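All remarks here apply to the structure that follows.
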There are 2 protein chains.
Amino acid sequence: MGKLIHYLLHFGELNQQQIDLVQGKAKEVQLKKDEYFSEAGKIARQVAFINEGILRVCYYDIKGEEITKYFIDENNFVVDLDSFNNKIPSSEYVQAVTDCKLIVFSSEDLKELSLTIIPWDGIISKITAKALIEKVARISPMLSEDAKVRYLNFLEKFPQLANRIPLSILASYLGITQSSLSRIRKNIR
Amino acid sequence: MGKLIHYLLHFGELNQQQIDLVQGKAKEVQLKKDEYFSEAGKIARQVAFINEGILRVCYYDIKGEEITKYFIDENNFVVDLDSFNNKIPSSEYVQAVTDCKLIVFSSEDLKELSLTIIPWDGIISKITAKALIEKVARISPMLSEDAKVRYLNFLEKFPQLANRIPLSILASYLGITQSSLSRIRKNIR
DNA sequence: TTTTCTTATTGTCAAATGGCAAGTCCTTCC
DNA sequence: GGAAGGACTTGCCATTTGACAATAAGAAAA
């Protein structure tokens, strides 16, 4: 729980009473590898802070191929923001790629925190902006890199993942086929 | 100016007095094709609402190649958010690709609006989230599409641009070389 | 251990894309 | 109009990647 508070304090000030309010709402949830945190078609009603583990956001494209949009690791919030904010059915899945320990807030929890903690909205909006800016910054350059470079960058960012998730998932994240990724791997050794 | 107010009201309520406050801060600025709205290395101190025209965000990659990250068209805000929010030097350029009519706010303007208009921060944070979600939604699928599909999607989104900007700019946005784009074009005719 | 299933690698060939350079077209400027 | 410069196209060939299929390797189940 300390991790979450520490993270929040990075974006604004909270006194002890406010911290207690946050902790009062926080629910610790464990997610086993491969379990879903939220699913396409349903409205996302929870936000999670990742204490331990890594999740991924994925969807199925027109051809029915499963595409991994990105991975999210600990010390970040995860949510399908479009679904959560606008109460519309989600278009993507959020799935644990390793066992995870999450701290979960429902939308009602957050609404109450927003009403009782003055700086709350400011903190959340800073966190939101930061998270989205990071996503753009990560994905955007990938378009102009070749697959090998994209793979190497992935290795740098998620060294622990490379050999623990199916190649097919990683390949879809990198925008190539599984066979191509396998060849790139061989090429690097 | 009406466009801006109309846009803002989409994200929250403002009474006439508050609208007047916003309009009091707004500065109309014209930008000629190819002029810069903000530049890499400098801290972004302004936000613009695009009344007319299209801008692009671009940077130079490690190899010195100019890469266009994305285009932004009218009825959107444009700013290097990371630079603007955190007062750090920008890593990218924002340039007009057509003549533009902008409504510009300085960071001081926005701070004052934030202090005098209660719902202002909420409106801004909704707009920020929406804009960034859209960027992710636009860029992310491009990785798993081939260049031809990416080009066709661009044509659909910016039909008026295709023949009015240099091929090199468009190619860098699509993540391919100018020659490849030229061949794709021929192929489509 | 053996079986079974999933995941990863590899082979073959085709298609897409890049790199480079030459040529063409178009605009601008003199 | 002619010259110069920039932008676009095209040719040639190498490399990357995809599609498909067979095999190998590894993990889970019996």
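Chain identifiers are assigned as A, B, and so on, following the order in which chains appear in the structure tokens; residues are numbered from 1 within each chain, and ligands are numbered from 1 in order of appearance.
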Task: Distance-based interface of chain A with chain B, 8 Å, counting only C-alpha atoms, as a PyMOL selection string - done: chain A and resi 67+69+81-82+121-122+125+128-130+132-133+135-136+139-145+172+174-176
Open item on the list: Among chain B, which residues does DSSP mark as strand (DSSP E) when it is run on the backbone? Keep the chain and numbering as in the structure and answer as number ranges by chain.
Closed with: B: 27-31, 36-38, 46-52, 54-60, 66-73, 77-78, 93-96, 100-106
Just-selected residues, N, CA and C atoms written as a CSV table (one decimal), in the first residue's frame:
```csv
chain,number,residue,atom,x,y,z
B,27,LYS,N,-6.3,34.8,-27.4
B,27,LYS,CA,-5.7,35.7,-28.4
B,27,LYS,C,-5.7,35.0,-29.8
B,28,GLU,N,-6.3,35.7,-30.8
B,28,GLU,CA,-6.3,35.1,-32.1
B,28,GLU,C,-5.0,35.2,-32.8
B,29,VAL,N,-4.5,34.2,-33.3
B,29,VAL,CA,-3.2,34.2,-34.0
B,29,VAL,C,-3.3,33.4,-35.3
B,30,GLN,N,-2.6,34.0,-36.3
B,30,GLN,CA,-2.6,33.4,-37.6
B,30,GLN,C,-1.2,32.8,-37.8
B,31,LEU,N,-1.2,31.6,-38.4
B,31,LEU,CA,0.1,31.0,-38.7
B,31,LEU,C,0.1,30.6,-40.2
B,36,TYR,N,6.3,27.7,-37.4
B,36,TYR,CA,6.3,26.9,-36.2
B,36,TYR,C,5.4,27.5,-35.1
B,37,PHE,N,4.6,26.7,-34.5
B,37,PHE,CA,3.9,27.1,-33.3
B,37,PHE,C,4.8,27.0,-32.1
B,38,SER,N,5.5,25.9,-32.0
B,38,SER,CA,6.5,25.7,-30.9
B,38,SER,C,7.7,24.9,-31.5
B,46,GLN,N,2.6,28.0,-24.6
B,46,GLN,CA,1.3,28.4,-25.1
B,46,GLN,C,0.6,27.1,-25.5
B,47,VAL,N,-0.8,27.2,-25.4
B,47,VAL,CA,-1.6,26.2,-25.9
B,47,VAL,C,-2.5,26.8,-27.0
B,48,ALA,N,-2.8,26.1,-28.0
B,48,ALA,CA,-3.6,26.7,-29.1
B,48,ALA,C,-4.8,25.8,-29.3
B,49,PHE,N,-5.9,26.5,-29.6
B,49,PHE,CA,-7.1,25.8,-30.1
B,49,PHE,C,-7.1,26.1,-31.6
B,50,ILE,N,-7.3,25.0,-32.4
B,50,ILE,CA,-7.2,25.2,-33.9
B,50,ILE,C,-8.6,25.5,-34.4
B,51,ASN,N,-8.7,26.8,-34.9
B,51,ASN,CA,-10.0,27.2,-35.5
B,51,ASN,C,-10.1,26.8,-36.9
B,52,GLU,N,-8.9,26.9,-37.6
B,52,GLU,CA,-8.9,26.5,-39.0
B,52,GLU,C,-7.5,26.0,-39.3
B,54,ILE,N,-4.4,22.9,-40.3
B,54,ILE,CA,-3.9,21.6,-39.8
B,54,ILE,C,-2.4,21.8,-39.4
B,55,LEU,N,-2.0,21.3,-38.3
B,55,LEU,CA,-0.6,21.3,-37.8
B,55,LEU,C,-0.1,19.9,-37.7
B,56,ARG,N,1.2,19.8,-37.6
B,56,ARG,CA,1.8,18.5,-37.4
B,56,ARG,C,2.8,18.6,-36.2
B,57,VAL,N,3.0,17.5,-35.6
B,57,VAL,CA,4.1,17.4,-34.5
B,57,VAL,C,5.2,16.6,-35.1
B,58,CYS,N,6.4,17.1,-35.0
B,58,CYS,CA,7.5,16.3,-35.6
B,58,CYS,C,8.8,16.4,-34.8
B,59,TYR,N,9.7,15.5,-35.1
B,59,TYR,CA,11.0,15.6,-34.4
B,59,TYR,C,12.0,14.9,-35.2
B,60,TYR,N,13.3,14.9,-34.8
B,60,TYR,CA,14.3,14.3,-35.5
B,60,TYR,C,14.8,13.1,-34.8
B,66,GLU,N,13.8,13.4,-40.1
B,66,GLU,CA,12.6,14.1,-39.6
B,66,GLU,C,11.4,13.1,-39.6
B,67,ILE,N,10.8,13.0,-38.4
B,67,ILE,CA,9.6,12.1,-38.3
B,67,ILE,C,8.4,12.9,-37.9
B,68,THR,N,7.3,12.7,-38.6
B,68,THR,CA,6.1,13.4,-38.2
B,68,THR,C,5.3,12.4,-37.3
B,69,LYS,N,5.1,12.8,-36.1
B,69,LYS,CA,4.4,12.0,-35.1
B,69,LYS,C,2.9,11.9,-35.4
B,70,TYR,N,2.3,13.1,-35.6
B,70,TYR,CA,0.9,13.1,-36.0
B,70,TYR,C,0.5,14.4,-36.5
B,71,PHE,N,-0.7,14.4,-37.1
B,71,PHE,CA,-1.3,15.7,-37.6
B,71,PHE,C,-2.5,16.0,-36.6
B,72,ILE,N,-2.7,17.3,-36.5
B,72,ILE,CA,-3.9,17.7,-35.6
B,72,ILE,C,-4.7,18.7,-36.4
B,73,ASP,N,-5.9,18.5,-36.5
B,73,ASP,CA,-6.8,19.4,-37.3
B,73,ASP,C,-7.7,20.2,-36.5
B,77,PHE,N,-7.2,21.1,-29.5
B,77,PHE,CA,-6.1,21.8,-28.9
B,77,PHE,C,-4.8,21.2,-29.4
B,78,VAL,N,-3.8,22.0,-29.4
B,78,VAL,CA,-2.5,21.5,-29.8
B,78,VAL,C,-1.5,22.1,-28.8
B,93,TYR,N,8.8,19.6,-32.6
B,93,TYR,CA,8.3,20.9,-33.2
B,93,TYR,C,6.8,20.7,-33.5
B,94,VAL,N,6.1,21.9,-33.4
B,94,VAL,CA,4.7,21.9,-33.9
B,94,VAL,C,4.7,22.9,-35.0
B,95,GLN,N,4.3,22.5,-36.2
B,95,GLN,CA,4.4,23.3,-37.4
B,95,GLN,C,3.1,23.3,-38.1
B,96,ALA,N,2.8,24.4,-38.7
B,96,ALA,CA,1.6,24.5,-39.5
B,96,ALA,C,1.8,23.8,-40.9
B,100,CYS,N,-3.1,28.6,-40.8
B,100,CYS,CA,-3.9,28.2,-39.6
B,100,CYS,C,-4.4,29.5,-38.9
B,101,LYS,N,-5.6,29.3,-38.4
B,101,LYS,CA,-6.1,30.3,-37.5
B,101,LYS,C,-6.3,29.7,-36.1
B,102,LEU,N,-5.5,30.2,-35.2
B,102,LEU,CA,-5.4,29.6,-33.8
B,102,LEU,C,-6.0,30.6,-32.8
B,103,ILE,N,-6.4,30.0,-31.7
B,103,ILE,CA,-6.8,30.8,-30.5
B,103,ILE,C,-5.8,30.3,-29.4
B,104,VAL,N,-5.0,31.3,-29.0
B,104,VAL,CA,-3.8,30.9,-28.2
B,104,VAL,C,-4.0,31.4,-26.7
B,105,PHE,N,-3.6,30.5,-25.8
B,105,PHE,CA,-3.6,30.9,-24.4
B,105,PHE,C,-2.1,30.7,-23.8
B,106,SER,N,-1.7,31.6,-23.0
B,106,SER,CA,-0.4,31.4,-22.4
B,106,SER,C,-0.6,30.6,-21.1
```
What are the coordinates of chain B as an mmCIF file with C-alpha atoms, in the first residue's frame following a least-squares fit to chain A on all in-order C-alpha atoms?
```
data_model
loop_
_atom_site.group_PDB
_atom_site.id
_atom_site.type_symbol
_atom_site.label_atom_id
_atom_site.label_comp_id
_atom_site.auth_asym_id
_atom_site.auth_seq_id
_atom_site.Cartn_x
_atom_site.Cartn_y
_atom_site.Cartn_z
ATOM 1 C CA MET B 1 -0.028 0.024 -0.016
ATOM 2 C CA GLY B 2 2.896 2.299 0.759
ATOM 3 C CA LYS B 3 3.885 2.244 -2.890
ATOM 4 C CA LEU B 4 0.573 3.709 -3.951
ATOM 5 C CA ILE B 5 0.678 6.530 -1.430
ATOM 6 C CA HIS B 6 4.226 7.294 -2.343
ATOM 7 C CA TYR B 7 3.202 7.414 -5.981
ATOM 8 C CA LEU B 8 0.266 9.713 -5.307
ATOM 9 C CA LEU B 9 2.358 12.111 -3.248
ATOM 10 C CA HIS B 10 4.525 12.544 -6.269
ATOM 11 C CA PHE B 11 1.674 14.399 -7.956
ATOM 12 C CA GLY B 12 0.307 16.477 -5.113
ATOM 13 C CA GLU B 13 0.129 16.881 -1.377
ATOM 14 C CA LEU B 14 -2.052 14.796 0.913
ATOM 15 C CA ASN B 15 -2.227 15.060 4.674
ATOM 16 C CA GLN B 16 -2.487 12.015 6.904
ATOM 17 C CA GLN B 17 -6.268 12.230 7.123
ATOM 18 C CA GLN B 18 -6.555 12.264 3.350
ATOM 19 C CA ILE B 19 -4.152 9.374 3.052
ATOM 20 C CA ASP B 20 -6.336 7.438 5.456
ATOM 21 C CA LEU B 21 -9.362 8.157 3.294
ATOM 22 C CA VAL B 22 -7.572 6.770 0.262
ATOM 23 C CA GLN B 23 -6.448 3.702 2.127
ATOM 24 C CA GLY B 24 -9.973 3.197 3.395
ATOM 25 C CA LYS B 25 -11.215 2.823 -0.162
ATOM 26 C CA ALA B 26 -8.329 0.761 -1.470
ATOM 27 C CA LYS B 27 -8.999 -2.925 -1.971
ATOM 28 C CA GLU B 28 -6.111 -5.309 -2.447
ATOM 29 C CA VAL B 29 -6.728 -7.794 -5.208
ATOM 30 C CA GLN B 30 -4.576 -10.594 -6.510
ATOM 31 C CA LEU B 31 -4.712 -11.655 -10.095
ATOM 32 C CA LYS B 32 -3.229 -14.896 -11.365
ATOM 33 C CA LYS B 33 -1.367 -14.989 -14.651
ATOM 34 C CA ASP B 34 -3.792 -14.920 -17.581
ATOM 35 C CA GLU B 35 -6.759 -13.721 -15.525
ATOM 36 C CA TYR B 36 -8.590 -10.678 -16.805
ATOM 37 C CA PHE B 37 -8.841 -7.415 -14.956
ATOM 38 C CA SER B 38 -11.415 -6.095 -17.416
ATOM 39 C CA GLU B 39 -12.958 -7.381 -20.592
ATOM 40 C CA ALA B 40 -14.085 -6.092 -23.953
ATOM 41 C CA GLY B 41 -17.811 -5.501 -24.179
ATOM 42 C CA LYS B 42 -18.153 -4.685 -20.504
ATOM 43 C CA ILE B 43 -17.944 -1.256 -18.978
ATOM 44 C CA ALA B 44 -14.754 -0.786 -16.999
ATOM 45 C CA ARG B 45 -15.827 0.036 -13.452
ATOM 46 C CA GLN B 46 -12.511 -0.263 -11.687
ATOM 47 C CA VAL B 47 -9.110 1.306 -11.727
ATOM 48 C CA ALA B 48 -6.088 -0.550 -10.448
ATOM 49 C CA PHE B 49 -2.713 0.497 -9.205
ATOM 50 C CA ILE B 50 -0.179 -2.219 -9.938
ATOM 51 C CA ASN B 51 1.798 -3.134 -6.855
ATOM 52 C CA GLU B 52 3.454 -6.159 -8.372
ATOM 53 C CA GLY B 53 3.329 -7.803 -11.760
ATOM 54 C CA ILE B 54 2.674 -6.872 -15.357
ATOM 55 C CA LEU B 55 -0.550 -6.631 -17.320
ATOM 56 C CA ARG B 56 -1.255 -6.148 -20.961
ATOM 57 C CA VAL B 57 -4.001 -4.418 -22.908
ATOM 58 C CA CYS B 58 -5.178 -6.283 -25.988
ATOM 59 C CA TYR B 59 -7.973 -6.512 -28.504
ATOM 60 C CA TYR B 60 -8.981 -8.402 -31.623
ATOM 61 C CA ASP B 61 -8.540 -6.674 -34.946
ATOM 62 C CA ILE B 62 -10.773 -6.943 -38.020
ATOM 63 C CA LYS B 63 -9.120 -10.157 -39.101
ATOM 64 C CA GLY B 64 -9.704 -11.682 -35.690
ATOM 65 C CA GLU B 65 -6.043 -11.468 -34.780
ATOM 66 C CA GLU B 66 -5.301 -10.768 -31.154
ATOM 67 C CA ILE B 67 -3.214 -7.604 -30.846
ATOM 68 C CA THR B 68 -1.385 -6.552 -27.703
ATOM 69 C CA LYS B 69 -1.498 -2.769 -27.530
ATOM 70 C CA TYR B 70 0.911 -2.376 -24.645
ATOM 71 C CA PHE B 71 2.199 -3.750 -21.407
ATOM 72 C CA ILE B 72 1.880 -1.956 -18.091
ATOM 73 C CA ASP B 73 4.124 -2.737 -15.180
ATOM 74 C CA GLU B 74 4.197 -2.003 -11.523
ATOM 75 C CA ASN B 75 3.884 1.485 -10.107
ATOM 76 C CA ASN B 76 1.359 2.420 -12.723
ATOM 77 C CA PHE B 77 -2.382 2.682 -12.856
ATOM 78 C CA VAL B 78 -4.228 0.534 -15.321
ATOM 79 C CA VAL B 79 -7.729 1.094 -16.674
ATOM 80 C CA ASP B 80 -9.540 1.316 -19.975
ATOM 81 C CA LEU B 81 -9.932 5.030 -19.571
ATOM 82 C CA ASP B 82 -12.306 5.572 -22.441
ATOM 83 C CA SER B 83 -14.677 2.968 -21.083
ATOM 84 C CA PHE B 84 -14.248 4.040 -17.471
ATOM 85 C CA ASN B 85 -14.687 7.768 -18.054
ATOM 86 C CA ASN B 86 -17.521 7.583 -20.518
ATOM 87 C CA LYS B 87 -19.315 4.504 -19.267
ATOM 88 C CA ILE B 88 -19.181 2.877 -22.662
ATOM 89 C CA PRO B 89 -18.420 -0.777 -23.315
ATOM 90 C CA SER B 90 -14.733 -1.443 -23.446
ATOM 91 C CA SER B 91 -13.151 -2.373 -26.735
ATOM 92 C CA GLU B 92 -10.228 -4.153 -25.181
ATOM 93 C CA TYR B 93 -9.140 -6.654 -22.581
ATOM 94 C CA VAL B 94 -6.802 -6.043 -19.673
ATOM 95 C CA GLN B 95 -5.097 -9.264 -18.715
ATOM 96 C CA ALA B 96 -2.410 -10.268 -16.245
ATOM 97 C CA VAL B 97 0.674 -11.598 -17.971
ATOM 98 C CA THR B 98 2.261 -12.465 -14.628
ATOM 99 C CA ASP B 99 0.719 -12.966 -11.209
ATOM 100 C CA CYS B 100 -0.259 -9.517 -10.005
ATOM 101 C CA LYS B 101 -0.973 -7.687 -6.806
ATOM 102 C CA LEU B 102 -3.302 -4.805 -7.456
ATOM 103 C CA ILE B 103 -4.905 -2.060 -5.444
ATOM 104 C CA VAL B 104 -8.344 -1.527 -6.842
ATOM 105 C CA PHE B 105 -10.765 1.385 -6.696
ATOM 106 C CA SER B 106 -14.305 1.370 -8.016
ATOM 107 C CA SER B 107 -15.703 4.387 -9.808
ATOM 108 C CA GLU B 108 -17.849 5.090 -6.734
ATOM 109 C CA ASP B 109 -14.760 5.039 -4.534
ATOM 110 C CA LEU B 110 -13.066 7.517 -6.795
ATOM 111 C CA LYS B 111 -16.074 9.775 -6.939
ATOM 112 C CA GLU B 112 -16.151 9.923 -3.147
ATOM 113 C CA LEU B 113 -12.454 10.619 -2.955
ATOM 114 C CA SER B 114 -12.937 13.336 -5.505
ATOM 115 C CA LEU B 115 -15.620 14.927 -3.315
ATOM 116 C CA THR B 116 -13.782 14.636 -0.021
ATOM 117 C CA ILE B 117 -10.177 15.309 -0.967
ATOM 118 C CA ILE B 118 -9.681 18.737 -2.458
ATOM 119 C CA PRO B 119 -6.469 18.076 -4.370
ATOM 120 C CA TRP B 120 -7.660 14.663 -5.595
ATOM 121 C CA ASP B 121 -8.877 15.681 -9.040
ATOM 122 C CA GLY B 122 -5.691 17.579 -9.687
ATOM 123 C CA ILE B 123 -3.598 14.574 -8.747
ATOM 124 C CA ILE B 124 -5.637 12.226 -10.897
ATOM 125 C CA SER B 125 -5.524 14.494 -13.876
ATOM 126 C CA LYS B 126 -1.746 14.782 -13.632
ATOM 127 C CA ILE B 127 -1.408 11.031 -13.402
ATOM 128 C CA THR B 128 -3.733 10.552 -16.341
ATOM 129 C CA ALA B 129 -1.813 12.975 -18.511
ATOM 130 C CA LYS B 130 1.505 11.440 -17.581
ATOM 131 C CA ALA B 131 0.342 7.910 -18.296
ATOM 132 C CA LEU B 132 -1.085 8.774 -21.672
ATOM 133 C CA ILE B 133 1.898 10.872 -22.684
ATOM 134 C CA GLU B 134 4.105 7.908 -21.888
ATOM 135 C CA LYS B 135 2.017 5.594 -24.027
ATOM 136 C CA VAL B 136 2.220 7.917 -26.984
ATOM 137 C CA ALA B 137 5.936 8.342 -26.418
ATOM 138 C CA ARG B 138 6.452 4.606 -26.349
ATOM 139 C CA ILE B 139 4.296 3.588 -29.283
ATOM 140 C CA SER B 140 4.868 6.472 -31.616
ATOM 141 C CA PRO B 141 8.566 5.909 -32.401
ATOM 142 C CA MET B 142 7.948 2.224 -33.032
ATOM 143 C CA LEU B 143 6.450 3.054 -36.404
ATOM 144 C CA SER B 144 9.728 4.319 -37.745
ATOM 145 C CA GLU B 145 11.905 1.617 -36.195
ATOM 146 C CA ASP B 146 12.438 -1.776 -37.729
ATOM 147 C CA ALA B 147 11.280 -4.891 -35.930
ATOM 148 C CA LYS B 148 14.699 -5.770 -34.557
ATOM 149 C CA VAL B 149 15.088 -2.396 -32.897
ATOM 150 C CA ARG B 150 11.567 -2.612 -31.507
ATOM 151 C CA TYR B 151 12.393 -5.998 -30.031
ATOM 152 C CA LEU B 152 15.616 -4.769 -28.472
ATOM 153 C CA ASN B 153 13.799 -1.830 -26.952
ATOM 154 C CA PHE B 154 11.220 -4.166 -25.531
ATOM 155 C CA LEU B 155 13.969 -6.287 -24.012
ATOM 156 C CA GLU B 156 15.389 -3.237 -22.351
ATOM 157 C CA LYS B 157 12.042 -2.122 -20.939
ATOM 158 C CA PHE B 158 10.760 -5.570 -19.886
ATOM 159 C CA PRO B 159 13.821 -7.824 -19.566
ATOM 160 C CA GLN B 160 11.987 -10.196 -17.278
ATOM 161 C CA LEU B 161 9.136 -10.738 -19.725
ATOM 162 C CA ALA B 162 10.878 -11.804 -22.897
ATOM 163 C CA ASN B 163 11.096 -15.455 -22.010
ATOM 164 C CA ARG B 164 8.004 -15.711 -19.895
ATOM 165 C CA ILE B 165 5.218 -14.756 -22.260
ATOM 166 C CA PRO B 166 4.142 -16.589 -25.403
ATOM 167 C CA LEU B 167 5.978 -15.458 -28.483
ATOM 168 C CA SER B 168 2.695 -14.793 -30.226
ATOM 169 C CA ILE B 169 1.756 -12.109 -27.729
ATOM 170 C CA LEU B 170 5.083 -10.385 -27.983
ATOM 171 C CA ALA B 171 4.996 -10.565 -31.777
ATOM 172 C CA SER B 172 1.609 -8.895 -31.939
ATOM 173 C CA TYR B 173 2.892 -6.118 -29.692
ATOM 174 C CA LEU B 174 5.845 -5.582 -32.001
ATOM 175 C CA GLY B 175 3.632 -5.607 -35.058
ATOM 176 C CA ILE B 176 5.197 -8.663 -36.700
ATOM 177 C CA THR B 177 4.381 -12.351 -37.033
ATOM 178 C CA GLN B 178 5.529 -14.962 -34.612
ATOM 179 C CA SER B 179 7.870 -16.504 -37.175
ATOM 180 C CA SER B 180 9.539 -13.214 -37.922
ATOM 181 C CA LEU B 181 10.115 -12.637 -34.232
ATOM 182 C CA SER B 182 11.567 -16.100 -33.888
ATOM 183 C CA ARG B 183 14.002 -15.312 -36.702
ATOM 184 C CA ILE B 184 14.954 -11.988 -35.189
ATOM 185 C CA ARG B 185 15.699 -13.769 -31.939
ATOM 186 C CA LYS B 186 17.928 -16.269 -33.669
ATOM 187 C CA ASN B 187 19.618 -13.476 -35.511
ATOM 188 C CA ILE B 188 20.521 -11.714 -32.272
ATOM 189 C CA ARG B 189 22.043 -14.691 -30.480
#
```
- [ ] Give me every alpha helix (DSSP H) residue in chain B, going by DSSP on the backbone, as a PyMOL selection string.
- [x] chain B and resi 2-9+16-25+81-86+107-116+120-139+147-157+167-174+178-188
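Set the cut-off at 9 Å, count only C-alpha atoms (C1' of nucleotides), and the residues of chain D near chain A turn out to be DT16, DT17 and DG18 of chain D.
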Sorted per-residue table, chain C near chain A, closest atoms and distance, 10 Å, only C-alpha atoms (C1' of nucleotides), as JSON lines:
```
{"residue": "C:DT7", "atom": "C1'", "partner": "A:Pro166", "partner_atom": "CA", "distance": 7.3}
{"residue": "C:DA8", "atom": "C1'", "partner": "A:Ser182", "partner_atom": "CA", "distance": 7.4}
{"residue": "C:DT9", "atom": "C1'", "partner": "A:Ser182", "partner_atom": "CA", "distance": 6.9}
{"residue": "C:DT10", "atom": "C1'", "partner": "A:Arg183", "partner_atom": "CA", "distance": 8.8}
```
